[in-house]
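Just model.txt here, compact mmCIF, C-alpha atoms:
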```txt
# COMPACT_ATOMS: atom_id res chain seq x y z
CA MET A 8 165.38 148.30 144.26
CA THR A 9 168.45 148.99 142.12
CA ALA A 10 168.07 151.39 139.21
CA LEU A 11 169.94 151.77 135.94
CA VAL A 12 171.52 155.15 136.59
CA ASP A 13 172.10 156.50 133.09
CA LEU A 14 173.18 155.50 129.58
CA SER A 15 176.81 155.18 130.63
CA ASP A 16 175.77 152.78 133.39
CA VAL A 17 173.78 150.70 130.89
CA LEU A 18 176.71 150.56 128.45
CA ASN A 19 179.03 149.53 131.26
CA ARG A 20 176.71 146.74 132.36
CA MET A 21 176.16 145.59 128.75
CA THR A 22 179.88 144.88 128.52
CA GLY A 23 179.95 143.03 131.84
CA GLY A 24 181.04 145.89 134.09
CA ASN A 25 179.55 146.56 137.52
CA SER A 26 178.17 142.98 137.68
CA GLY A 27 175.92 143.69 134.68
CA THR A 28 175.95 140.00 133.67
CA PRO A 29 174.69 140.68 130.11
CA GLU A 30 172.61 137.93 128.53
CA ASN A 31 171.51 137.67 124.89
CA ILE A 32 168.94 135.01 124.07
CA TRP A 33 168.58 134.07 120.41
CA TRP A 34 165.35 132.23 119.66
CA HIS A 35 163.28 130.97 116.75
CA LYS A 36 159.81 129.50 116.26
CA GLN A 37 158.77 127.27 113.36
CA ALA A 38 155.22 127.00 112.00
CA ARG A 39 154.98 123.48 113.37
CA ILE A 40 153.76 121.84 116.57
CA ALA A 41 155.35 118.53 117.56
CA GLY A 42 156.54 118.15 113.96
CA ALA A 43 153.13 118.73 112.35
CA ALA A 44 152.07 121.88 110.49
CA ALA A 45 150.62 124.48 112.84
CA THR A 46 146.98 125.49 112.45
CA ALA A 47 146.48 128.68 110.43
CA PRO A 48 145.82 131.64 112.74
CA ILE A 49 142.88 134.04 112.42
CA ALA A 50 143.97 137.45 111.11
CA GLY A 51 143.76 140.09 113.80
CA ARG A 52 143.11 137.62 116.63
CA PRO A 53 145.84 136.51 119.05
CA ALA A 54 147.45 133.09 118.82
CA SER A 55 149.74 131.34 121.28
CA LEU A 56 153.28 130.34 120.33
CA TRP A 57 153.60 128.24 123.51
CA THR A 58 153.50 124.89 121.70
CA TYR A 59 155.35 125.98 118.53
CA ASP A 60 158.51 124.02 117.73
CA GLY A 61 161.74 125.98 117.85
CA GLN A 62 164.61 127.01 120.05
CA PRO A 63 164.01 126.84 122.94
CA SER A 64 161.68 123.91 122.28
CA GLY A 65 157.92 124.17 122.33
CA GLY A 66 155.87 123.63 125.46
CA VAL A 67 153.08 121.13 125.96
CA ALA A 68 149.43 121.58 126.84
CA PRO A 69 149.16 121.64 130.63
CA THR A 70 146.76 119.38 132.49
CA THR A 71 146.45 120.37 136.15
CA VAL A 72 147.00 123.96 137.20
CA ALA A 73 150.67 124.96 137.36
CA VAL A 74 152.91 128.00 137.76
CA PRO A 75 155.50 127.89 134.94
CA ASP A 76 158.92 129.41 135.53
CA ASN A 77 162.25 129.86 133.74
CA THR A 78 162.92 126.12 133.83
CA THR A 79 159.63 125.19 132.14
CA THR A 80 159.83 123.80 128.60
CA GLY A 81 158.21 126.31 126.26
CA GLY A 82 159.65 129.40 127.95
CA LEU A 83 162.83 131.21 126.87
CA LYS A 84 164.73 129.99 129.97
CA GLN A 85 166.70 133.13 130.79
CA THR A 86 168.87 133.01 133.91
CA ASP A 87 167.81 134.62 137.18
CA PRO A 88 169.71 137.68 138.43
CA GLY A 89 172.30 137.11 141.13
CA GLY A 90 173.75 138.98 144.08
CA GLY A 91 170.53 140.79 145.00
CA ARG A 92 170.35 142.44 141.57
CA GLU A 93 167.34 142.81 139.27
CA LYS A 94 167.12 141.80 135.60
CA TRP A 95 166.11 144.28 132.90
CA LEU A 96 165.12 143.86 129.25
CA ILE A 97 167.10 146.53 127.43
CA GLY A 98 166.33 145.62 123.82
CA GLY A 99 165.22 143.06 121.31
CA ALA A 100 164.39 142.37 117.70
CA ALA A 101 162.31 139.90 115.72
CA THR A 102 161.64 139.09 112.09
CA GLY A 103 159.28 136.67 110.42
CA SER A 104 157.88 134.98 107.34
CA VAL A 105 154.66 136.99 107.68
CA ALA A 106 153.71 140.37 109.08
CA GLY A 107 152.18 140.76 112.51
CA GLU A 108 152.93 141.74 116.08
CA LEU A 109 154.84 139.74 118.65
CA ILE A 110 153.87 140.18 122.31
CA LEU A 111 156.36 139.12 124.98
CA TYR A 112 154.76 138.18 128.30
CA ASP A 113 155.47 136.41 131.57
CA ARG A 114 153.35 133.23 131.70
CA LEU A 115 152.23 133.30 135.32
CA LEU A 116 149.81 130.37 135.57
CA HIS A 117 148.15 127.89 133.25
CA ILE A 118 145.84 124.91 133.19
CA GLY A 119 144.52 122.65 130.42
CA GLY A 120 142.19 119.72 130.13
CA LEU A 121 139.00 121.81 130.14
CA SER A 122 136.05 120.86 127.95
CA GLY A 123 134.06 122.75 125.34
CA THR A 124 130.94 120.69 126.16
CA VAL A 125 130.80 121.15 129.95
CA THR A 126 128.38 123.95 130.87
CA THR A 127 128.99 124.06 134.61
CA ALA A 128 131.88 125.93 136.24
CA GLN A 129 135.26 124.34 135.50
CA THR A 130 137.85 124.93 138.23
CA VAL A 131 141.05 126.84 137.52
CA GLY A 132 142.54 127.70 140.93
CA GLY A 133 146.24 127.91 141.72
CA SER A 134 148.18 130.83 143.19
CA LEU A 135 150.38 133.37 141.43
CA THR A 136 153.98 133.76 142.55
CA ARG A 137 154.82 136.78 140.35
CA TYR A 138 152.83 140.00 139.89
CA THR A 139 150.73 138.89 142.82
CA ASP A 140 149.07 142.31 143.14
CA GLY A 141 147.29 141.45 139.88
CA ILE A 142 147.75 144.86 138.28
CA GLY A 143 148.12 144.48 134.51
CA ASN A 144 147.67 140.70 134.52
CA MET A 145 145.56 139.38 131.64
CA VAL A 146 143.63 136.13 131.29
CA TRP A 147 142.76 134.18 128.17
CA ALA A 148 141.24 130.86 127.16
CA GLU A 149 143.85 128.95 125.15
CA ILE A 150 142.80 126.24 122.68
CA TYR A 151 144.99 123.12 122.66
CA THR A 152 142.65 120.75 120.74
CA ILE A 153 139.94 122.18 118.52
CA ILE A 154 136.56 122.71 120.20
CA GLY A 155 133.13 122.70 118.57
CA THR A 156 131.39 124.62 115.80
CA SER A 157 128.50 125.77 117.99
CA ALA A 158 129.03 129.39 118.96
CA THR A 159 128.49 130.30 122.61
CA THR A 160 130.15 132.49 125.26
CA ILE A 161 132.59 132.03 128.13
CA THR A 162 133.05 133.88 131.43
CA MET A 163 135.39 133.54 134.39
CA SER A 164 135.04 134.03 138.12
CA TYR A 165 138.08 135.92 139.38
CA THR A 166 139.71 138.01 142.09
CA ASP A 167 140.58 141.51 140.93
CA GLN A 168 143.55 143.78 141.65
CA GLY A 169 141.85 145.01 144.82
CA ALA A 170 141.43 141.45 146.20
CA ALA A 171 137.67 141.46 145.59
CA SER A 172 136.71 137.86 144.79
CA GLY A 173 133.79 136.24 142.99
CA ILE A 174 133.73 138.80 140.17
CA THR A 175 132.33 137.60 136.84
CA SER A 176 134.02 138.72 133.66
CA ILE A 177 132.10 140.07 130.69
CA ALA A 178 130.88 137.25 128.44
CA THR A 179 132.88 136.83 125.24
CA ALA A 180 132.54 134.66 122.14
CA PHE A 181 133.68 131.05 122.42
CA GLY A 182 133.28 128.19 119.95
CA GLY A 183 132.35 128.51 116.30
CA THR A 184 134.56 129.72 113.45
CA GLY A 185 137.37 131.96 114.62
CA PHE A 186 136.91 131.02 118.27
CA ARG A 187 137.71 127.29 118.30
CA GLU A 188 140.96 126.71 116.43
CA VAL A 189 144.17 125.30 117.95
CA THR A 190 146.48 128.00 119.42
CA ARG A 191 143.66 130.59 119.49
CA CYS A 192 143.79 132.80 122.56
CA ILE A 193 140.41 134.22 123.54
CA MET A 194 140.94 137.18 125.84
CA LEU A 195 138.56 137.32 128.81
CA PRO A 196 137.47 140.93 129.41
CA LEU A 197 137.34 142.18 132.99
CA ALA A 198 134.36 143.74 134.73
CA ALA A 199 134.01 147.53 134.58
CA GLY A 200 136.70 149.36 136.56
CA ASP A 201 139.06 146.42 136.98
CA THR A 202 142.70 146.64 135.89
CA GLY A 203 144.04 143.19 136.66
CA VAL A 204 143.63 139.72 138.11
CA GLN A 205 145.07 138.13 141.25
CA ALA A 206 143.39 134.74 140.81
CA VAL A 207 140.94 132.84 138.61
CA ALA A 208 138.56 130.52 140.43
CA SER A 209 136.76 129.01 137.44
CA VAL A 210 135.48 129.45 133.89
CA THR A 211 131.99 128.69 132.61
CA VAL A 212 130.96 127.92 129.03
CA LEU A 213 127.37 129.08 128.63
CA ALA A 214 126.27 126.33 126.22
CA THR A 215 128.03 123.38 124.62
CA THR A 216 130.24 124.02 121.62
CA SER A 217 129.32 120.45 120.51
CA THR A 218 132.93 119.17 120.73
CA ALA A 219 134.88 118.79 123.97
CA GLY A 220 138.33 119.41 122.52
CA ASP A 221 140.87 120.64 125.05
CA PHE A 222 141.20 124.21 126.19
CA GLY A 223 142.86 125.87 129.13
CA VAL A 224 143.17 129.15 130.96
CA THR A 225 146.37 131.19 131.01
CA VAL A 226 147.23 134.17 133.21
CA GLY A 227 149.94 136.33 131.66
CA HIS A 228 151.63 139.67 132.30
CA PRO A 229 152.54 141.58 129.09
CA LEU A 230 156.07 143.00 128.97
CA ALA A 231 156.85 144.22 125.44
CA ARG A 232 155.66 144.28 121.85
CA PHE A 233 157.56 143.98 118.57
CA ALA A 234 155.83 145.02 115.34
CA ILE A 235 156.91 143.11 112.22
CA ASN A 236 155.41 145.33 109.56
CA GLN A 237 156.48 143.39 106.48
CA VAL A 238 157.71 139.94 105.49
CA GLY A 239 161.37 139.67 106.47
CA GLY A 240 161.27 143.09 108.09
CA SER A 241 162.64 143.65 111.57
CA GLY A 242 160.64 144.68 114.60
CA TRP A 243 163.30 146.32 116.77
CA ARG A 244 162.99 147.88 120.23
CA ASP A 245 165.54 149.84 122.26
CA PHE A 246 164.02 150.17 125.71
CA VAL A 247 166.91 152.24 127.08
CA THR A 248 166.27 155.25 124.84
CA GLY A 249 162.64 154.65 123.86
CA LEU A 250 159.23 154.25 125.41
CA PRO A 251 157.81 152.62 127.52
CA GLY A 252 160.98 152.40 129.58
CA VAL A 253 163.03 149.38 130.61
CA PRO A 254 160.85 146.36 131.52
CA GLU A 255 161.89 144.44 134.62
CA ILE A 256 162.10 140.66 134.28
CA GLN A 257 161.12 139.13 137.59
CA PRO A 258 163.04 136.16 139.03
CA ASP A 259 161.70 132.83 137.72
CA ALA A 260 159.79 134.58 134.90
CA CYS A 261 158.47 132.24 132.21
CA LEU A 262 159.02 134.39 129.13
CA SER A 263 156.60 133.41 126.39
CA MET A 264 155.07 134.92 123.26
CA LEU A 265 151.71 135.67 121.70
CA TRP A 266 151.31 136.37 118.00
CA MET A 267 148.87 138.92 116.58
CA PRO A 268 148.74 137.93 112.89
CA ASN A 269 148.12 140.15 109.88
CA SER A 270 147.21 137.10 107.80
CA THR A 271 146.03 133.50 108.01
CA THR A 272 149.52 132.04 107.51
CA ALA A 273 151.23 130.43 110.51
CA PRO A 274 154.46 132.35 111.21
CA GLU A 275 158.10 131.38 111.24
CA LEU A 276 159.89 133.79 113.56
CA PHE A 277 163.47 134.58 114.55
CA GLY A 278 164.72 137.01 117.16
CA CYS A 279 166.92 138.02 120.05
CA LEU A 280 166.36 139.57 123.49
CA SER A 281 169.06 141.41 125.45
CA PHE A 282 169.20 141.71 129.25
CA VAL A 283 171.41 143.20 131.93
CA GLU A 284 171.38 143.09 135.72
CA ALA A 285 171.47 146.04 138.08
```
Any chance you could give the structure as structure tokens?
Amino acid sequence: MTALVDLSDVLNRMTGGNSGTPENIWWHKQARIAGAAATAPIAGRPASLWTYDGQPSGGVAPTTVAVPDNTTTGGLKQTDPGGGREKWLIGGAATGSVAGELILYDRLLHIGGLSGTVTTAQTVGGSLTRYTDGIGNMVWAEIYTIIGTSATTITMSYTDQGAASGITSIATAFGGTGFREVTRCIMLPLAAGDTGVQAVASVTVLATTSTAGDFGVTVGHPLARFAINQVGGSGWRDFVTGLPGVPEIQPDACLSMLWMPNSTTAPELFGCLSFVEA
């Protein structure tokens, strides 16, 4: 493992010295999905920006289980490090049309095509290729087409960070107002003592939501957060001089974003991420 030695080393690499290969990715997201107005988010509850139009372009709802990477449409498509080096996120900024918090994560695995009316276990499967130890990985149900108005709960069967399989997550609300809308991400809480997920075998909806819709399961690994505290304000992070340190960006990472809204207005967002190799 190669380390960033000190601030002088970072500055040198940022200007291309010592094979730093600096990369700045400018991005934006519009409050539209495939040209149509995006569904209003629920204040204080996470929403996915995966399908939002923008630059790079929005992703599509997956069908079968897949492992997205840095060539997958919907991700930020950063380049992989070369020459045996590692890639590091040294800073970034974002601004938006509404206040909220942006969460940058590596989208490790996803599946769609699941139904809000099926009450038996629905298979997820697949195998992670990044963060395979599971530590810190999070799982959520992601709504692609609105599900039903009947409130119920959802659980998953998963393998934890210690490779113990067949563990059932704590039941959480699913379906009904606030838990059915397009782009909603419903976090699946782990069993007591667990700190991550190596694999998800299946999810089970306890009772029908009354509309099948289309939802999926996403496994993600959070990397950074950017707080946009006011309309047009800038959420800025310098990871070299500030906490929590410099996040590593693994090869093939599918960099994606969640939005934690302060309001019920779909966001328009603009930002930049800066990387170096070491």
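We find atom CA of A:Leu83 and atom CA of A:Val12 to be spaced 27.3 Å apart.
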As an exercise, work out the distance from atom CA of A:Gly98 to atom CA of A:Arg137 in Å and give it to one decimal place. 22.0 Å
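Residues with any atom within 6 Å of the point (168.7, 148.4, 134.7), counting only C-alpha atoms, are Ala10, Leu11, Trp95 and Ala285 of chain A.
Proximity ranking of A:Ser209, A:Thr218, A:Thr136, A:Gln62 relative to A:Trp33 places A:Gln62 first, based on all atoms listed in the file.
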Contacts of A:Ser172 at 12 Å (only C-alpha atoms; same-chain gap of 3+ positions) as JSON, numbers by chain: {"A": [163, 164, 165, 166, 167, 168, 169, 175, 176, 198, 201, 204, 205, 206, 207, 208, 209]}
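The list of residues within 9 Å of (157.6, 135.3, 117.0), counted using all atoms listed in the file, is Trp34, His35, Lys36, Gln37, Leu56, Ala101, Thr102, Gly103, Gly107, Glu108, Leu109, Ile110, Leu111, Phe233, Met264, Leu265, Trp266, Pro274, Glu275, Leu276, Phe277 and Gly278 of chain A.
Remark: for A:Asn144, the closest of the candidate residues A:Pro196, A:Pro268, A:Gly61, A:Gly239 is A:Pro196 (distances computed over only C-alpha atoms).
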Hey, which of A:Gly81, A:Gly132, A:Pro53, A:Pro88 ends up closest to A:Glu149? Count only C-alpha atoms. A:Pro53
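Each of A:Ser122, A:Thr162, A:Asn269, A:Ser134 was checked against A:Thr216 using all atoms listed in the file; the smallest atom-to-atom distance is that of A:Ser122.
Atom CA of A:Thr225 sits 14.7 Å away from atom CA of A:Thr211.
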Selection: 9 Å around A:Pro69, only C-alpha atoms, excl. self and same-chain fewer than 4 positions, as a list of chain:residue names: A:Ala73, A:His117, A:Ile118, A:Gly119, A:Gly120, A:Gly223
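Proximity to A:Ile153 was assessed for A:Ala219, A:Phe181, A:Ile97, A:Ser64 counting all atoms listed in the file; the smallest distance is recorded for A:Ala219.
The shell of residues at most 9 Å from A:Leu195, with only C-alpha atoms counted and near chain neighbours (fewer than 3 positions) removed, consists of Met145, Val146, Trp147, Ala148, Ile161, Thr162, Met163, Ser176, Ile177, Ala178 and Thr179 of chain A.
When only C-alpha atoms are used to measure the gap to A:Ile49, the shortest distance among A:Val72, A:Thr271, A:Asp16, A:Thr248 belongs to A:Thr271.
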Can you list, as a VMD selection string, every protein, DNA or RNA residue that comes within 8 Å of A:Ala260 when you count only C-alpha atoms, leaving out same-chain residues fewer than 5 positions away? chain A and resid 75 to 77 113 to 115 137
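Using all atoms listed in the file, the protein and nucleic acid residues lying no more than 8 Å from A:Ala158, apart from those fewer than 2 places from it along its own chain, are Gly155, Thr156, Thr160, Ala180, Phe181, Gly182, Gly183, Thr184 and Thr216 of chain A.
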Supply stretch 151-162 of chain A as a compact mmCIF listing (two decimals), keeping the file's coordinate frame, with all heavy atoms built in where the input has gaps.
```
# COMPACT_ATOMS: atom_id res chain seq x y z
N TYR A 151 143.94 124.11 122.91
CA TYR A 151 144.99 123.12 122.66
C TYR A 151 144.54 122.05 121.67
O TYR A 151 145.33 121.56 120.86
CB TYR A 151 145.43 122.47 123.97
CG TYR A 151 146.07 123.45 124.92
CD1 TYR A 151 145.40 123.86 126.07
CD2 TYR A 151 147.32 123.97 124.66
CE1 TYR A 151 145.98 124.78 126.95
CE2 TYR A 151 147.91 124.89 125.52
CZ TYR A 151 147.24 125.29 126.67
OH TYR A 151 147.80 126.20 127.52
N THR A 152 143.26 121.65 121.72
CA THR A 152 142.65 120.75 120.74
C THR A 152 141.34 121.37 120.33
O THR A 152 140.56 121.82 121.19
CB THR A 152 142.40 119.35 121.34
OG1 THR A 152 143.63 118.80 121.82
CG2 THR A 152 141.80 118.41 120.31
N ILE A 153 141.07 121.42 119.04
CA ILE A 153 139.94 122.18 118.52
C ILE A 153 138.62 121.84 119.24
O ILE A 153 138.32 120.68 119.51
CB ILE A 153 139.81 121.95 116.99
CG1 ILE A 153 138.87 122.98 116.36
CG2 ILE A 153 139.40 120.51 116.68
CD1 ILE A 153 138.97 123.01 114.83
N ILE A 154 137.88 122.88 119.60
CA ILE A 154 136.56 122.71 120.20
C ILE A 154 135.50 122.80 119.12
O ILE A 154 135.81 122.80 117.93
CB ILE A 154 136.33 123.71 121.35
CG1 ILE A 154 136.45 125.17 120.84
CG2 ILE A 154 137.33 123.47 122.48
CD1 ILE A 154 136.09 126.21 121.87
N GLY A 155 134.22 122.90 119.51
CA GLY A 155 133.13 122.70 118.57
C GLY A 155 132.74 123.89 117.72
O GLY A 155 133.18 125.03 117.92
N THR A 156 131.86 123.62 116.77
CA THR A 156 131.39 124.62 115.80
C THR A 156 130.21 125.44 116.31
O THR A 156 129.81 126.41 115.66
CB THR A 156 130.98 123.93 114.49
OG1 THR A 156 129.96 122.96 114.77
CG2 THR A 156 132.17 123.25 113.84
N SER A 157 129.65 125.03 117.44
CA SER A 157 128.50 125.77 117.99
C SER A 157 128.99 126.98 118.77
O SER A 157 129.73 126.85 119.76
CB SER A 157 127.68 124.86 118.90
OG SER A 157 127.16 123.77 118.18
N ALA A 158 128.58 128.15 118.33
CA ALA A 158 129.03 129.39 118.96
C ALA A 158 128.30 129.61 120.29
O ALA A 158 127.09 129.42 120.38
CB ALA A 158 128.79 130.56 118.04
N THR A 159 129.06 130.01 121.30
CA THR A 159 128.49 130.30 122.61
C THR A 159 129.33 131.40 123.25
O THR A 159 130.00 132.16 122.52
CB THR A 159 128.45 129.02 123.48
OG1 THR A 159 127.83 129.33 124.74
CG2 THR A 159 129.81 128.42 123.71
N THR A 160 129.32 131.51 124.56
CA THR A 160 130.15 132.49 125.26
C THR A 160 130.85 131.82 126.45
O THR A 160 130.46 130.74 126.89
CB THR A 160 129.35 133.70 125.76
OG1 THR A 160 128.33 133.24 126.67
CG2 THR A 160 128.70 134.44 124.60
N ILE A 161 131.86 132.51 126.96
CA ILE A 161 132.59 132.03 128.13
C ILE A 161 132.80 133.19 129.09
O ILE A 161 132.96 134.34 128.67
CB ILE A 161 133.95 131.41 127.71
CG1 ILE A 161 134.64 130.74 128.91
CG2 ILE A 161 134.85 132.45 127.05
CD1 ILE A 161 135.88 129.94 128.52
N THR A 162 132.75 132.90 130.39
CA THR A 162 133.05 133.88 131.43
C THR A 162 133.98 133.23 132.45
O THR A 162 134.14 132.01 132.48
CB THR A 162 131.79 134.35 132.16
OG1 THR A 162 131.10 133.21 132.71
CG2 THR A 162 130.84 135.11 131.23
```
